[in-house]
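Let me begin by presenting the structure, written as structure tokens, before commenting on it.
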Amino acid sequence: MPLADTLSTRAAPRSVATPAPLIVWTPELSVGIDEIDAQHKLLVDLLNQLHVAILTQHGSAEAMHVLHELIDYTRIHFAVEESLMRVLGYPDYEAHKASHEQLLEQVLNLQRRLIDEGQGITFELLHFLKRWLSVHIMETDRSYTPHFLARGIQARYEKPSLLRRLWSRAAPGAPR
Ligand SMILES: [Fe+2]
């Protein structure tokens with residue numbers, strides 16, 4: 001089974017009052033480093049917010065707003081990972097950075113198409129984003145964990161994620 005298909009997905013609910021999440025965080029999504037997991041959980045939360053915006057039909061403006069936040073946060077998250085890779089002398093830094101650039105380009109292209117063509121965000125698009133996120137977490141990020149841990153990064157961290165706290169301050173509506 002492709003890695004991307006191992007993310008838990010639940011069918012769209014009959015009622016939109018309590019929509020089930022598009023992605024449920026499971027231990028298999030963990031890269032084994034709390035700070036990075038917290039950042040990935042925020043990406044998952046944003047994707048689930050996008051799902052809710054579509055299910056509750058609050059209009060494409062809200063969905064586009066959440067997509068914009070997802071892109072903004074992705075940029076920040078990638079920058080954090082790239083900084084850590086450089087500071088910790090990760091040997092595959094260049095390849096991983098290129099993968100980030102490709103992932104960001106994919107989602108920016110998608111955003112441009114939506115804006116240019118005036119289309120709404122569809123379930124097909126949501127599933128594209130779900131796969132996009134899973135590729136990032138499960139196929140690229142896991143590869144740096146052994147190196148990060150060997151260079152002294154703490155796997156467990158009791159305090160709340162710094163980036164999540166900063167993001168919450170910058171975007172008060174963001175999930176905590
Ligand atoms: Fe990541």
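Going by the structure tokens order, chains are called A, B, ..., each with residues numbered from 1, while ligands are numbered from 1 in the order shown.
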(message) Quick one: residues within 8 Å of segment 91-99 of chain A, only C-alpha atoms, excluding same-chain residues fewer than 5 positions away - as a list in words?
(response)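 Near segment 91-99 of chain A, the qualifying residues are Glu82, Met85, Arg86 and Thr140 of chain A.
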Using C-alpha atoms, can you export the residues from the last selection as a CSV table (one decimal), in the first residue's frame?
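Final output, saved to out24.csv:
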```csv
chain,number,residue,atom,x,y,z
A,82,GLU,CA,15.9,23.6,6.6
A,85,MET,CA,19.2,20.6,8.7
A,86,ARG,CA,21.9,23.3,8.1
A,140,THR,CA,10.9,13.0,3.3
```
DSSP on the backbone, then: every residue of segment 4-172 of chain A marked helix (DSSP H, G or I), written as a compact mmCIF listing (two decimals) with N, CA and C atoms, in the first residue's frame.
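After the write, result.txt holds the following:
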```txt
# COMPACT_ATOMS: atom_id res chain seq x y z
N ALA A 4 1.17 7.11 1.20
CA ALA A 4 0.16 8.18 1.27
C ALA A 4 -1.21 7.64 1.63
N ASP A 5 -1.44 6.35 1.33
CA ASP A 5 -2.77 5.79 1.58
C ASP A 5 -2.91 5.27 3.00
N THR A 6 -1.84 5.36 3.79
CA THR A 6 -1.93 4.82 5.13
C THR A 6 -2.51 5.84 6.10
N PRO A 27 -0.02 7.61 15.45
CA PRO A 27 1.42 7.49 15.75
C PRO A 27 2.26 7.23 14.50
N GLU A 28 1.68 6.63 13.48
CA GLU A 28 2.48 6.35 12.29
C GLU A 28 2.89 7.63 11.54
N LEU A 29 2.25 8.74 11.89
CA LEU A 29 2.64 10.02 11.28
C LEU A 29 3.79 10.69 12.03
N ASP A 34 9.18 15.55 19.13
CA ASP A 34 7.95 16.25 19.53
C ASP A 34 7.74 17.59 18.83
N GLU A 35 8.81 18.41 18.78
CA GLU A 35 8.65 19.75 18.19
C GLU A 35 8.20 19.66 16.73
N ILE A 36 8.80 18.75 15.98
CA ILE A 36 8.42 18.60 14.57
C ILE A 36 7.01 18.03 14.46
N ASP A 37 6.70 17.06 15.32
CA ASP A 37 5.34 16.48 15.30
C ASP A 37 4.30 17.57 15.57
N ALA A 38 4.59 18.48 16.52
CA ALA A 38 3.64 19.54 16.84
C ALA A 38 3.39 20.42 15.61
N GLN A 39 4.46 20.68 14.86
CA GLN A 39 4.31 21.51 13.66
C GLN A 39 3.51 20.76 12.59
N HIS A 40 3.77 19.48 12.44
CA HIS A 40 3.02 18.68 11.47
C HIS A 40 1.55 18.58 11.87
N LYS A 41 1.29 18.51 13.19
CA LYS A 41 -0.10 18.44 13.64
C LYS A 41 -0.84 19.71 13.26
N LEU A 42 -0.14 20.82 13.28
CA LEU A 42 -0.80 22.08 12.90
C LEU A 42 -1.14 22.05 11.41
N LEU A 43 -0.25 21.47 10.60
CA LEU A 43 -0.56 21.33 9.17
C LEU A 43 -1.80 20.45 8.98
N VAL A 44 -1.85 19.37 9.74
CA VAL A 44 -3.01 18.47 9.69
C VAL A 44 -4.28 19.22 10.12
N ASP A 45 -4.16 20.01 11.20
CA ASP A 45 -5.32 20.79 11.67
C ASP A 45 -5.82 21.75 10.59
N LEU A 46 -4.88 22.40 9.91
CA LEU A 46 -5.28 23.35 8.86
C LEU A 46 -5.99 22.64 7.71
N LEU A 47 -5.48 21.46 7.36
CA LEU A 47 -6.13 20.70 6.29
C LEU A 47 -7.53 20.27 6.72
N ASN A 48 -7.67 19.88 7.99
CA ASN A 48 -9.00 19.53 8.49
C ASN A 48 -9.92 20.74 8.53
N GLN A 49 -9.37 21.91 8.82
CA GLN A 49 -10.19 23.14 8.79
C GLN A 49 -10.69 23.41 7.38
N LEU A 50 -9.82 23.14 6.41
CA LEU A 50 -10.21 23.34 5.01
C LEU A 50 -11.37 22.40 4.66
N HIS A 51 -11.27 21.18 5.14
CA HIS A 51 -12.31 20.18 4.93
C HIS A 51 -13.63 20.66 5.51
N VAL A 52 -13.57 21.17 6.75
CA VAL A 52 -14.79 21.65 7.41
C VAL A 52 -15.38 22.83 6.64
N ALA A 53 -14.51 23.72 6.17
CA ALA A 53 -14.99 24.90 5.43
C ALA A 53 -15.78 24.47 4.20
N ILE A 54 -15.35 23.39 3.58
CA ILE A 54 -16.06 22.91 2.39
C ILE A 54 -17.36 22.20 2.78
N LEU A 55 -17.26 21.33 3.81
CA LEU A 55 -18.45 20.59 4.23
C LEU A 55 -19.56 21.50 4.71
N SER A 60 -16.47 29.88 -0.67
CA SER A 60 -15.11 29.63 -1.12
C SER A 60 -14.12 30.61 -0.50
N ALA A 61 -14.61 31.79 -0.09
CA ALA A 61 -13.70 32.78 0.49
C ALA A 61 -13.04 32.23 1.74
N GLU A 62 -13.83 31.56 2.59
CA GLU A 62 -13.25 31.01 3.81
C GLU A 62 -12.27 29.88 3.48
N ALA A 63 -12.67 29.03 2.54
CA ALA A 63 -11.78 27.93 2.15
C ALA A 63 -10.46 28.48 1.59
N MET A 64 -10.55 29.52 0.78
CA MET A 64 -9.33 30.11 0.21
C MET A 64 -8.48 30.74 1.31
N HIS A 65 -9.15 31.29 2.33
CA HIS A 65 -8.41 31.88 3.45
C HIS A 65 -7.62 30.79 4.19
N VAL A 66 -8.27 29.65 4.43
CA VAL A 66 -7.58 28.56 5.13
C VAL A 66 -6.44 28.01 4.26
N LEU A 67 -6.68 27.91 2.95
CA LEU A 67 -5.62 27.44 2.05
C LEU A 67 -4.43 28.39 2.10
N HIS A 68 -4.72 29.67 2.16
CA HIS A 68 -3.66 30.67 2.26
C HIS A 68 -2.86 30.48 3.55
N GLU A 69 -3.56 30.22 4.64
CA GLU A 69 -2.88 29.98 5.93
C GLU A 69 -2.03 28.71 5.86
N LEU A 70 -2.58 27.70 5.21
CA LEU A 70 -1.84 26.44 5.08
C LEU A 70 -0.53 26.68 4.32
N ILE A 71 -0.59 27.48 3.28
CA ILE A 71 0.61 27.77 2.49
C ILE A 71 1.60 28.60 3.32
N ASP A 72 1.09 29.60 4.02
CA ASP A 72 1.96 30.44 4.86
C ASP A 72 2.67 29.61 5.91
N TYR A 73 1.89 28.77 6.59
CA TYR A 73 2.47 27.97 7.66
C TYR A 73 3.47 26.95 7.10
N THR A 74 3.16 26.42 5.92
CA THR A 74 4.07 25.46 5.29
C THR A 74 5.43 26.12 5.02
N ARG A 75 5.39 27.35 4.54
CA ARG A 75 6.66 28.07 4.29
C ARG A 75 7.48 28.17 5.58
N ILE A 76 6.79 28.55 6.68
CA ILE A 76 7.48 28.71 7.97
C ILE A 76 8.05 27.36 8.43
N HIS A 77 7.22 26.34 8.33
CA HIS A 77 7.65 25.01 8.78
C HIS A 77 8.85 24.51 7.97
N PHE A 78 8.80 24.69 6.67
CA PHE A 78 9.93 24.25 5.83
C PHE A 78 11.20 25.03 6.20
N ALA A 79 11.03 26.33 6.47
CA ALA A 79 12.20 27.15 6.84
C ALA A 79 12.82 26.64 8.15
N VAL A 80 11.97 26.25 9.10
CA VAL A 80 12.47 25.72 10.37
C VAL A 80 13.25 24.43 10.12
N GLU A 81 12.65 23.55 9.34
CA GLU A 81 13.33 22.27 9.07
C GLU A 81 14.66 22.49 8.34
N GLU A 82 14.65 23.40 7.39
CA GLU A 82 15.88 23.65 6.63
C GLU A 82 16.96 24.26 7.52
N SER A 83 16.54 25.13 8.45
CA SER A 83 17.52 25.71 9.39
C SER A 83 18.13 24.62 10.26
N LEU A 84 17.27 23.73 10.76
CA LEU A 84 17.78 22.63 11.60
C LEU A 84 18.74 21.75 10.81
N MET A 85 18.39 21.47 9.56
CA MET A 85 19.25 20.62 8.72
C MET A 85 20.62 21.26 8.53
N ARG A 86 20.63 22.56 8.32
CA ARG A 86 21.90 23.25 8.11
C ARG A 86 22.72 23.29 9.39
N VAL A 87 22.06 23.68 10.49
CA VAL A 87 22.77 23.78 11.77
C VAL A 87 23.34 22.42 12.19
N TYR A 93 20.80 17.69 2.95
CA TYR A 93 20.12 18.99 3.02
C TYR A 93 19.64 19.48 1.65
N GLU A 94 20.53 19.46 0.66
CA GLU A 94 20.18 20.01 -0.65
C GLU A 94 19.00 19.28 -1.27
N ALA A 95 19.02 17.95 -1.19
CA ALA A 95 17.93 17.16 -1.78
C ALA A 95 16.61 17.41 -1.05
N HIS A 96 16.71 17.53 0.29
CA HIS A 96 15.49 17.74 1.07
C HIS A 96 14.91 19.13 0.79
N LYS A 97 15.81 20.10 0.67
CA LYS A 97 15.36 21.46 0.37
C LYS A 97 14.68 21.49 -1.01
N ALA A 98 15.27 20.78 -1.97
CA ALA A 98 14.67 20.72 -3.31
C ALA A 98 13.29 20.09 -3.25
N SER A 99 13.13 19.08 -2.39
CA SER A 99 11.83 18.43 -2.23
C SER A 99 10.81 19.42 -1.64
N HIS A 100 11.26 20.23 -0.67
CA HIS A 100 10.38 21.27 -0.10
C HIS A 100 9.94 22.25 -1.19
N GLU A 101 10.91 22.65 -2.01
CA GLU A 101 10.59 23.64 -3.05
C GLU A 101 9.57 23.06 -4.03
N GLN A 102 9.72 21.79 -4.33
CA GLN A 102 8.79 21.13 -5.26
C GLN A 102 7.39 21.04 -4.65
N LEU A 103 7.33 20.67 -3.36
CA LEU A 103 6.03 20.56 -2.68
C LEU A 103 5.33 21.92 -2.60
N LEU A 104 6.11 22.95 -2.29
CA LEU A 104 5.54 24.29 -2.20
C LEU A 104 5.06 24.77 -3.57
N GLU A 105 5.84 24.47 -4.58
CA GLU A 105 5.47 24.87 -5.94
C GLU A 105 4.15 24.20 -6.35
N GLN A 106 4.01 22.93 -5.99
CA GLN A 106 2.77 22.20 -6.33
C GLN A 106 1.55 22.90 -5.74
N VAL A 107 1.65 23.25 -4.48
CA VAL A 107 0.48 23.84 -3.82
C VAL A 107 0.26 25.28 -4.26
N LEU A 108 1.34 25.99 -4.59
CA LEU A 108 1.18 27.35 -5.12
C LEU A 108 0.54 27.33 -6.51
N ASN A 109 0.92 26.35 -7.32
CA ASN A 109 0.29 26.19 -8.64
C ASN A 109 -1.20 25.96 -8.50
N LEU A 110 -1.51 25.14 -7.54
CA LEU A 110 -2.92 24.81 -7.27
C LEU A 110 -3.68 26.07 -6.87
N GLN A 111 -3.10 26.83 -5.99
CA GLN A 111 -3.73 28.08 -5.53
C GLN A 111 -3.93 29.04 -6.71
N ARG A 112 -2.89 29.15 -7.54
CA ARG A 112 -2.99 30.04 -8.72
C ARG A 112 -4.13 29.61 -9.63
N ARG A 113 -4.22 28.29 -9.85
CA ARG A 113 -5.29 27.77 -10.73
C ARG A 113 -6.66 28.10 -10.17
N LEU A 114 -6.79 27.91 -8.84
CA LEU A 114 -8.08 28.18 -8.21
C LEU A 114 -8.46 29.65 -8.35
N ILE A 115 -7.47 30.52 -8.16
CA ILE A 115 -7.75 31.96 -8.26
C ILE A 115 -8.04 32.34 -9.71
N ASP A 116 -7.17 31.87 -10.64
CA ASP A 116 -7.32 32.25 -12.04
C ASP A 116 -8.61 31.73 -12.64
N GLU A 117 -8.95 30.48 -12.29
CA GLU A 117 -10.13 29.86 -12.90
C GLU A 117 -11.39 30.07 -12.08
N PHE A 123 -13.36 18.20 -3.14
CA PHE A 123 -12.86 17.07 -2.37
C PHE A 123 -11.65 16.44 -3.06
N GLU A 124 -11.66 16.50 -4.39
CA GLU A 124 -10.51 15.98 -5.14
C GLU A 124 -9.25 16.75 -4.75
N LEU A 125 -9.40 18.04 -4.63
CA LEU A 125 -8.28 18.89 -4.23
C LEU A 125 -7.84 18.56 -2.81
N LEU A 126 -8.82 18.35 -1.93
CA LEU A 126 -8.49 18.00 -0.54
C LEU A 126 -7.68 16.72 -0.49
N HIS A 127 -8.06 15.76 -1.31
CA HIS A 127 -7.33 14.49 -1.30
C HIS A 127 -5.94 14.65 -1.90
N PHE A 128 -5.82 15.57 -2.85
CA PHE A 128 -4.48 15.89 -3.35
C PHE A 128 -3.63 16.45 -2.20
N LEU A 129 -4.21 17.37 -1.43
CA LEU A 129 -3.46 18.00 -0.33
C LEU A 129 -3.12 16.97 0.76
N LYS A 130 -4.03 16.05 0.97
CA LYS A 130 -3.76 15.00 1.96
C LYS A 130 -2.56 14.16 1.55
N ARG A 131 -2.53 13.81 0.28
CA ARG A 131 -1.40 13.03 -0.22
C ARG A 131 -0.12 13.88 -0.18
N TRP A 132 -0.28 15.14 -0.52
CA TRP A 132 0.85 16.07 -0.53
C TRP A 132 1.48 16.14 0.87
N LEU A 133 0.61 16.25 1.89
CA LEU A 133 1.10 16.33 3.26
C LEU A 133 1.76 15.02 3.69
N SER A 134 1.15 13.92 3.30
CA SER A 134 1.70 12.63 3.72
C SER A 134 3.05 12.37 3.07
N VAL A 135 3.23 12.84 1.85
CA VAL A 135 4.53 12.67 1.18
C VAL A 135 5.58 13.45 1.96
N HIS A 136 5.20 14.67 2.35
CA HIS A 136 6.15 15.49 3.11
C HIS A 136 6.54 14.83 4.42
N ILE A 137 5.53 14.39 5.17
CA ILE A 137 5.82 13.85 6.51
C ILE A 137 6.46 12.47 6.43
N MET A 138 5.84 11.60 5.65
CA MET A 138 6.21 10.19 5.76
C MET A 138 7.32 9.77 4.81
N GLU A 139 7.51 10.53 3.75
CA GLU A 139 8.54 10.09 2.79
C GLU A 139 9.78 10.94 2.84
N THR A 140 9.67 12.20 3.27
CA THR A 140 10.90 13.01 3.31
C THR A 140 11.37 13.27 4.74
N ASP A 141 10.46 13.65 5.62
CA ASP A 141 10.90 14.07 6.95
C ASP A 141 11.47 12.93 7.78
N ARG A 142 10.90 11.77 7.67
CA ARG A 142 11.38 10.68 8.52
C ARG A 142 12.85 10.38 8.27
N SER A 143 13.33 10.76 7.09
CA SER A 143 14.72 10.43 6.77
C SER A 143 15.72 11.23 7.60
N TYR A 144 15.30 12.39 8.14
CA TYR A 144 16.27 13.17 8.91
C TYR A 144 16.30 12.82 10.40
N THR A 145 15.30 12.10 10.89
CA THR A 145 15.20 11.83 12.33
C THR A 145 16.46 11.21 12.93
N PRO A 146 17.00 10.13 12.36
CA PRO A 146 18.19 9.54 13.00
C PRO A 146 19.35 10.53 13.11
N HIS A 147 19.53 11.34 12.06
CA HIS A 147 20.63 12.32 12.09
C HIS A 147 20.37 13.39 13.16
N PHE A 148 19.15 13.90 13.22
CA PHE A 148 18.81 14.94 14.20
C PHE A 148 19.03 14.42 15.63
N LEU A 149 18.56 13.22 15.89
CA LEU A 149 18.69 12.66 17.24
C LEU A 149 20.16 12.43 17.59
N ALA A 150 20.93 11.96 16.61
CA ALA A 150 22.35 11.72 16.85
C ALA A 150 23.10 13.02 17.14
N LEU A 162 7.19 25.86 20.29
CA LEU A 162 7.44 27.30 20.15
C LEU A 162 6.75 27.84 18.90
N LEU A 163 6.89 27.10 17.81
CA LEU A 163 6.33 27.59 16.54
C LEU A 163 4.80 27.64 16.59
N ARG A 164 4.22 26.66 17.27
CA ARG A 164 2.75 26.67 17.38
C ARG A 164 2.30 27.88 18.18
N ARG A 165 3.06 28.20 19.26
CA ARG A 165 2.67 29.34 20.08
C ARG A 165 2.82 30.63 19.29
N LEU A 166 3.92 30.74 18.52
CA LEU A 166 4.13 31.95 17.72
C LEU A 166 3.05 32.08 16.66
N TRP A 167 2.72 30.96 16.04
CA TRP A 167 1.70 30.98 14.98
C TRP A 167 0.36 31.37 15.56
N SER A 168 0.03 30.86 16.76
CA SER A 168 -1.25 31.19 17.38
C SER A 168 -1.34 32.68 17.67
N ARG A 169 -0.18 33.28 18.03
CA ARG A 169 -0.17 34.70 18.32
C ARG A 169 -0.35 35.51 17.03
N ALA A 170 0.29 35.03 15.96
CA ALA A 170 0.21 35.75 14.68
C ALA A 170 -1.17 35.57 14.05
```
(message) Please report the interatomic distance between atom CA of Leu88 of chain A and atom CA of Arg151 of chain A in Å with one decimal.
(response)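 We find that atom CA of Leu88 of chain A and atom CA of Arg151 of chain A lie 6.4 Å from each other.
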(request) Grab the atom CA of Arg156 of chain A to atom CA of Ile33 of chain A distance for me, in Å with one decimal place. (result)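 Interatomic distance here is 6.3 Å.
For the pair atom CA of Glu158 of chain A and atom CA of Pro21 of chain A, the interatomic distance is 26.2 Å.
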(message) Could you check the closest approach to Gln154 of chain A for each of A:Thr26, A:Gly118, A:Gly32, A:Pro19 and tell me which residue wins, using only C-alpha atoms?
(response)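 Of A:Thr26, A:Gly118, A:Gly32, A:Pro19, the one nearest Gln154 of chain A is A:Gly32, counting only C-alpha atoms.
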